[in-house]
file coords.pdb (PDB, C-alpha atoms, pLDDT in the B column)
MODEL        1
ATOM      1  CA  MET Q   1      51.916 123.415 183.375  1.00 60.00           C
ATOM      2  CA  SER Q   2      54.531 120.653 183.720  1.00 83.00           C
ATOM      3  CA  GLN Q   3      53.863 119.597 180.109  1.00 87.00           C
ATOM      4  CA  GLN Q   4      54.683 123.138 178.959  1.00 90.00           C
ATOM      5  CA  VAL Q   5      57.947 123.072 180.922  1.00 89.00           C
ATOM      6  CA  LEU Q   6      58.918 119.719 179.373  1.00 89.00           C
ATOM      7  CA  TYR Q   7      58.009 121.022 175.912  1.00 93.00           C
ATOM      8  CA  ASP Q   8      59.949 124.266 176.321  1.00 93.00           C
ATOM      9  CA  GLN Q   9      63.004 122.541 177.798  1.00 93.00           C
ATOM     10  CA  TYR Q  10      63.354 119.745 175.237  1.00 94.00           C
ATOM     11  CA  TYR Q  11      61.754 121.037 172.035  1.00 95.00           C
ATOM     12  CA  GLY Q  12      65.116 121.917 170.442  1.00 94.00           C
ATOM     13  CA  LEU Q  13      66.626 118.518 171.237  1.00 94.00           C
ATOM     14  CA  CYS Q  14      63.582 116.728 169.843  1.00 95.00           C
ATOM     15  CA  LEU Q  15      63.606 118.832 166.690  1.00 94.00           C
ATOM     16  CA  LYS Q  16      67.293 118.067 166.056  1.00 92.00           C
ATOM     17  CA  ILE Q  17      66.717 114.341 166.489  1.00 93.00           C
ATOM     18  CA  ALA Q  18      63.654 114.361 164.235  1.00 94.00           C
ATOM     19  CA  PHE Q  19      65.423 116.381 161.548  1.00 90.00           C
ATOM     20  CA  ARG Q  20      68.017 113.642 161.110  1.00 89.00           C
ATOM     21  CA  TYR Q  21      65.308 111.324 159.838  1.00 89.00           C
ATOM     22  CA  VAL Q  22      63.009 113.457 157.693  1.00 89.00           C
ATOM     23  CA  ASN Q  23      63.504 115.654 154.647  1.00 83.00           C
ATOM     24  CA  THR Q  24      62.113 119.038 155.626  1.00 88.00           C
ATOM     25  CA  TYR Q  25      61.977 121.323 158.605  1.00 91.00           C
ATOM     26  CA  GLU Q  26      58.173 121.157 158.507  1.00 93.00           C
ATOM     27  CA  GLN Q  27      58.286 117.348 158.669  1.00 93.00           C
ATOM     28  CA  ALA Q  28      60.680 117.539 161.625  1.00 94.00           C
ATOM     29  CA  VAL Q  29      58.236 119.846 163.412  1.00 96.00           C
ATOM     30  CA  GLU Q  30      55.417 117.363 162.704  1.00 96.00           C
ATOM     31  CA  VAL Q  31      57.472 114.443 164.039  1.00 96.00           C
ATOM     32  CA  THR Q  32      58.437 116.494 167.092  1.00 97.00           C
ATOM     33  CA  HIS Q  33      54.819 117.336 167.848  1.00 96.00           C
ATOM     34  CA  ASP Q  34      53.795 113.689 167.357  1.00 96.00           C
ATOM     35  CA  ALA Q  35      56.557 112.695 169.773  1.00 96.00           C
ATOM     36  CA  PHE Q  36      55.416 115.174 172.416  1.00 96.00           C
ATOM     37  CA  LEU Q  37      51.852 113.897 172.143  1.00 95.00           C
ATOM     38  CA  LYS Q  38      53.151 110.359 172.700  1.00 94.00           C
ATOM     39  CA  MET Q  39      55.263 111.537 175.641  1.00 93.00           C
ATOM     40  CA  PHE Q  40      52.331 113.289 177.287  1.00 92.00           C
ATOM     41  CA  ARG Q  41      50.031 110.288 176.778  1.00 92.00           C
ATOM     42  CA  ASN Q  42      52.599 107.786 178.026  1.00 89.00           C
ATOM     43  CA  PHE Q  43      54.510 109.707 180.669  1.00 86.00           C
ATOM     44  CA  SER Q  44      53.337 107.214 183.284  1.00 83.00           C
ATOM     45  CA  ARG Q  45      55.569 104.626 181.539  1.00 83.00           C
ATOM     46  CA  PHE Q  46      58.691 106.659 182.275  1.00 81.00           C
ATOM     47  CA  GLU Q  47      60.401 104.978 185.210  1.00 79.00           C
ATOM     48  CA  VAL Q  48      62.963 106.624 187.463  1.00 78.00           C
ATOM     49  CA  ARG Q  49      65.131 103.993 189.101  1.00 80.00           C
ATOM     50  CA  ASP Q  50      67.918 106.351 190.172  1.00 80.00           C
ATOM     51  CA  ILE Q  51      66.912 109.902 191.080  1.00 84.00           C
ATOM     52  CA  ASP Q  52      70.538 111.044 190.678  1.00 84.00           C
ATOM     53  CA  LYS Q  53      70.358 110.173 186.996  1.00 83.00           C
ATOM     54  CA  LEU Q  54      66.899 111.655 186.398  1.00 86.00           C
ATOM     55  CA  GLU Q  55      67.814 114.050 183.581  1.00 87.00           C
ATOM     56  CA  MET Q  56      69.984 111.503 181.789  1.00 88.00           C
ATOM     57  CA  LEU Q  57      67.180 108.918 181.976  1.00 89.00           C
ATOM     58  CA  LEU Q  58      64.599 111.479 180.836  1.00 89.00           C
ATOM     59  CA  ILE Q  59      66.703 112.534 177.843  1.00 92.00           C
ATOM     60  CA  GLY Q  60      67.222 108.889 176.875  1.00 90.00           C
ATOM     61  CA  TRP Q  61      63.485 108.246 177.087  1.00 91.00           C
ATOM     62  CA  ILE Q  62      62.685 111.389 175.083  1.00 93.00           C
ATOM     63  CA  ARG Q  63      65.260 110.417 172.436  1.00 93.00           C
ATOM     64  CA  ARG Q  64      63.668 106.975 172.108  1.00 92.00           C
ATOM     65  CA  VAL Q  65      60.152 108.442 171.755  1.00 95.00           C
ATOM     66  CA  VAL Q  66      61.287 110.912 169.072  1.00 96.00           C
ATOM     67  CA  ILE Q  67      63.143 108.206 167.135  1.00 94.00           C
ATOM     68  CA  ASN Q  68      60.086 105.959 167.228  1.00 93.00           C
ATOM     69  CA  ALA Q  69      57.878 108.855 166.083  1.00 95.00           C
ATOM     70  CA  ALA Q  70      60.315 109.505 163.222  1.00 94.00           C
ATOM     71  CA  ILE Q  71      60.296 105.824 162.246  1.00 92.00           C
ATOM     72  CA  ASP Q  72      56.495 105.823 162.261  1.00 91.00           C
ATOM     73  CA  TYR Q  73      56.477 108.960 160.120  1.00 92.00           C
ATOM     74  CA  MET Q  74      59.020 107.531 157.670  1.00 87.00           C
ATOM     75  CA  ARG Q  75      57.002 104.327 157.315  1.00 84.00           C
ATOM     76  CA  ARG Q  76      54.000 106.438 156.312  1.00 83.00           C
ATOM     77  CA  GLU Q  77      56.073 108.522 153.907  1.00 78.00           C
ATOM     78  CA  MET Q  78      58.439 105.847 152.521  1.00 67.00           C
ATOM     79  CA  ASN Q  79      57.065 106.182 148.979  1.00 56.00           C
ATOM     80  CA  ASN Q  80      58.174 109.817 148.841  1.00 52.00           C
ATOM     81  CA  HIS Q  81      61.751 109.774 147.505  1.00 49.00           C
ATOM     82  CA  ALA Q  82      62.000 113.495 146.790  1.00 50.00           C
ATOM     83  CA  SER Q  83      64.909 115.457 148.197  1.00 47.00           C
ATOM     84  CA  TYR Q  84      64.212 118.841 149.712  1.00 48.00           C
ATOM     85  CA  PRO Q  85      66.555 121.736 150.395  1.00 48.00           C
ATOM     86  CA  ILE Q  86      67.354 122.354 154.040  1.00 47.00           C
ATOM     87  CA  PRO Q  87      66.404 125.875 155.101  1.00 49.00           C
ATOM     88  CA  GLU Q  88      69.321 127.938 156.403  1.00 49.00           C
ATOM     89  CA  HIS Q  89      67.583 128.909 159.654  1.00 47.00           C
ATOM     90  CA  VAL Q  90      67.828 125.286 160.822  1.00 45.00           C
ATOM     91  CA  TRP Q  91      71.571 125.756 161.303  1.00 43.00           C
ATOM     92  CA  GLU Q  92      71.369 129.037 163.237  1.00 46.00           C
ATOM     93  CA  HIS Q  93      71.112 127.493 166.724  1.00 44.00           C
ATOM     94  CA  LYS Q  94      74.419 125.833 167.585  1.00 44.00           C
ATOM     95  CA  ASP Q  95      75.174 123.691 170.602  1.00 48.00           C
ATOM     96  CA  ASP Q  96      77.174 125.476 173.280  1.00 47.00           C
ATOM     97  CA  GLY Q  97      80.882 124.960 172.853  1.00 50.00           C
ATOM     98  CA  GLN Q  98      80.626 123.868 169.250  1.00 49.00           C
ATOM     99  CA  SER Q  99      83.149 125.585 166.988  1.00 54.00           C
ATOM    100  CA  SER Q 100      82.038 127.131 163.725  1.00 53.00           C
ATOM    101  CA  ASP Q 101      84.231 124.663 161.778  1.00 57.00           C
ATOM    102  CA  ASN Q 102      82.521 121.713 163.463  1.00 61.00           C
ATOM    103  CA  SER Q 103      79.148 123.316 162.819  1.00 61.00           C
ATOM    104  CA  LEU Q 104      79.981 123.707 159.141  1.00 62.00           C
ATOM    105  CA  LEU Q 105      81.197 120.093 158.875  1.00 72.00           C
ATOM    106  CA  TYR Q 106      78.054 118.886 160.645  1.00 73.00           C
ATOM    107  CA  LYS Q 107      75.892 120.906 158.267  1.00 75.00           C
ATOM    108  CA  GLU Q 108      77.674 119.509 155.202  1.00 79.00           C
ATOM    109  CA  LEU Q 109      77.455 115.955 156.504  1.00 80.00           C
ATOM    110  CA  MET Q 110      73.749 116.279 157.315  1.00 79.00           C
ATOM    111  CA  ILE Q 111      73.066 117.638 153.818  1.00 83.00           C
ATOM    112  CA  MET Q 112      74.780 114.551 152.389  1.00 86.00           C
ATOM    113  CA  VAL Q 113      72.875 112.252 154.764  1.00 87.00           C
ATOM    114  CA  LYS Q 114      69.622 113.880 153.597  1.00 85.00           C
ATOM    115  CA  GLU Q 115      70.485 112.807 150.044  1.00 87.00           C
ATOM    116  CA  LEU Q 116      70.569 109.124 151.035  1.00 89.00           C
ATOM    117  CA  PRO Q 117      67.579 106.957 150.147  1.00 89.00           C
ATOM    118  CA  PRO Q 118      65.199 106.834 153.151  1.00 88.00           C
ATOM    119  CA  ALA Q 119      66.006 103.244 154.172  1.00 89.00           C
ATOM    120  CA  TYR Q 120      69.769 103.907 154.109  1.00 92.00           C
ATOM    121  CA  ARG Q 121      69.365 107.210 155.947  1.00 91.00           C
ATOM    122  CA  MET Q 122      67.267 105.561 158.655  1.00 90.00           C
ATOM    123  CA  VAL Q 123      69.819 102.814 159.350  1.00 93.00           C
ATOM    124  CA  PHE Q 124      72.748 105.256 159.138  1.00 93.00           C
ATOM    125  CA  ASN Q 125      71.149 107.573 161.695  1.00 90.00           C
ATOM    126  CA  LEU Q 126      70.155 104.779 164.050  1.00 92.00           C
ATOM    127  CA  HIS Q 127      73.541 103.042 163.957  1.00 93.00           C
ATOM    128  CA  VAL Q 128      76.100 105.815 163.527  1.00 91.00           C
ATOM    129  CA  ILE Q 129      74.435 108.742 165.255  1.00 87.00           C
ATOM    130  CA  GLU Q 130      72.165 107.096 167.822  1.00 89.00           C
ATOM    131  CA  GLY Q 131      74.403 104.074 168.525  1.00 91.00           C
ATOM    132  CA  TYR Q 132      71.888 101.260 168.102  1.00 93.00           C
ATOM    133  CA  SER Q 133      73.130  97.775 167.204  1.00 95.00           C
ATOM    134  CA  HIS Q 134      72.052  96.049 164.003  1.00 95.00           C
ATOM    135  CA  PRO Q 135      69.774  93.589 165.856  1.00 95.00           C
ATOM    136  CA  GLU Q 136      68.098  96.542 167.630  1.00 94.00           C
ATOM    137  CA  ILE Q 137      67.662  98.388 164.331  1.00 93.00           C
ATOM    138  CA  ALA Q 138      66.272  95.273 162.668  1.00 93.00           C
ATOM    139  CA  LYS Q 139      63.687  94.910 165.407  1.00 92.00           C
ATOM    140  CA  MET Q 140      62.748  98.611 165.318  1.00 90.00           C
ATOM    141  CA  LEU Q 141      62.340  98.719 161.532  1.00 90.00           C
ATOM    142  CA  GLY Q 142      60.959  95.225 160.976  1.00 90.00           C
ATOM    143  CA  ILE Q 143      63.889  94.162 158.779  1.00 92.00           C
ATOM    144  CA  THR Q 144      66.587  91.513 159.099  1.00 94.00           C
ATOM    145  CA  THR Q 145      69.924  92.165 160.747  1.00 95.00           C
ATOM    146  CA  GLY Q 146      71.562  91.484 157.377  1.00 95.00           C
ATOM    147  CA  THR Q 147      69.420  94.134 155.708  1.00 94.00           C
ATOM    148  CA  SER Q 148      70.407  96.618 158.404  1.00 94.00           C
ATOM    149  CA  LYS Q 149      74.102  95.865 157.839  1.00 96.00           C
ATOM    150  CA  SER Q 150      73.667  96.045 154.071  1.00 95.00           C
ATOM    151  CA  ASN Q 151      71.824  99.374 154.247  1.00 94.00           C
ATOM    152  CA  LEU Q 152      74.550 100.816 156.477  1.00 95.00           C
ATOM    153  CA  SER Q 153      77.251  99.631 154.084  1.00 95.00           C
ATOM    154  CA  LYS Q 154      75.423 101.164 151.131  1.00 95.00           C
ATOM    155  CA  ALA Q 155      74.844 104.400 153.046  1.00 93.00           C
ATOM    156  CA  ARG Q 156      78.533 104.651 153.846  1.00 93.00           C
ATOM    157  CA  ALA Q 157      79.436 103.956 150.211  1.00 94.00           C
ATOM    158  CA  HIS Q 158      77.069 106.733 149.064  1.00 91.00           C
ATOM    159  CA  LEU Q 159      78.550 109.157 151.595  1.00 90.00           C
ATOM    160  CA  GLN Q 160      82.136 108.254 150.672  1.00 89.00           C
ATOM    161  CA  LYS Q 161      81.313 108.796 147.005  1.00 89.00           C
ATOM    162  CA  ALA Q 162      79.716 112.165 147.806  1.00 86.00           C
ATOM    163  CA  LEU Q 163      82.681 113.211 149.952  1.00 82.00           C
ATOM    164  CA  THR Q 164      85.140 112.162 147.239  1.00 84.00           C
ATOM    165  CA  ALA Q 165      83.179 114.113 144.624  1.00 79.00           C
ATOM    166  CA  GLU Q 166      83.069 117.173 146.879  1.00 70.00           C
ATOM    167  CA  ASN Q 167      86.811 116.976 147.607  1.00 66.00           C
ATOM    168  CA  THR Q 168      87.591 116.619 143.893  1.00 67.00           C
ATOM    169  CA  GLU Q 169      85.380 119.621 143.132  1.00 61.00           C
ATOM    170  CA  THR Q 170      87.119 121.675 145.850  1.00 56.00           C
ATOM    171  CA  ILE Q 171      90.575 120.790 144.487  1.00 57.00           C
ATOM    172  CA  LEU Q 172      89.554 121.623 140.917  1.00 55.00           C
ATOM    173  CA  CYS Q 173      88.120 124.999 141.968  1.00 59.00           C
ATOM    174  CA  GLN Q 174      91.334 126.122 143.692  1.00 55.00           C
TER     175      GLN Q 174
ENDMDL
END

call {"tool": "encode", "arguments": {"input": "coords.pdb", "output": "structure tokens"}}
result
Amino acid sequence: MSQQVLYDQYYGLCLKIAFRYVNTYEQAVEVTHDAFLKMFRNFSRFEVRDIDKLEMLLIGWIRRVVINAAIDYMRREMNNHASYPIPEHVWEHKDDGQSSDNSLLYKELMIMVKELPPAYRMVFNLHVIEGYSHPEIAKMLGITTGTSKSNLSKARAHLQKALTAENTETILCQ
């Protein structure tokens, strides 16, 4: 019963995290389910040092498990460089308090991030969105710190180019 409560409470969060790393909604669901299996098998490893911070610690642990499940999935799928459209229903559930403009900007940014090569996308997500340092990313992905920095730089260059192209297109269409 407690597993069902955990699943119901944090499924949406896990799905959002997973979707940052994979190409399709179906892949995000697969990563999310893999992550929950790992959580259920390894819940005894979750340590609560400060009961007042229980939820914050739990969310951090869940985030880490989902990211690791996504990394494992991406390692298995790294040879697949295809880009897939993002289904519209993924964007229907907004965070509370998020304005529609921010939601639209987030959607556009995530579409551009999805277009990055997998290695660049992985480092971009881990560094920019999740806040990991380059040494941490290098350890997680089995690459050098320099490769992590290089991949982030290339990801940013790709995104800047895409944003510039989109802005130029918007100006020309007006």

call {"tool": "atom_distance", "arguments": {"input": "coords.pdb", "atom1": "CA of Leu152 in chain Q", "atom2": "CA of Met74 in chain Q"}}
result
17.0 Å

call {"tool": "closest_residue", "arguments": {"input": "coords.pdb", "among": "Q:Lys161, Q:Ile143, Q:Lys154, Q:His134", "to": "Pro117 in chain Q", "atoms": "all atoms listed in the file"}}
result
Q:Lys154

call {"tool": "atom_distance", "arguments": {"input": "coords.pdb", "atom1": "CA of Asp34 in chain Q", "atom2": "CA of Glu130 in chain Q"}}
result
19.5 Å

call {"tool": "residues_near_point", "arguments": {"input": "coords.pdb", "point": "(55.8, 115.5, 172.9)", "cutoff": "10 Å", "atoms": "all atoms listed in the file", "output": "PyMOL selection string"}}
result
chain Q and resi 3-4+6-7+10-11+14+31-43+62+65-66+69

call {"tool": "axis_aligned_box", "arguments": {"input": "coords.pdb", "around": "range 110-129 of chain Q", "padding_each_side": "5 Å", "output": "lines of an AutoDock Vina configuration file"}}
result
center_x = 70.6
center_y = 110.2
center_z = 157.6
size_x = 20.9
size_y = 24.8
size_z = 25.2

call {"tool": "residues_around", "arguments": {"input": "coords.pdb", "residues": "Ser153 in chain Q", "least_positions_apart": "5", "cutoff": "9 Å", "atoms": "only C-alpha atoms", "output": "number ranges by chain"}}
result
Q: 120, 124, 148, 158
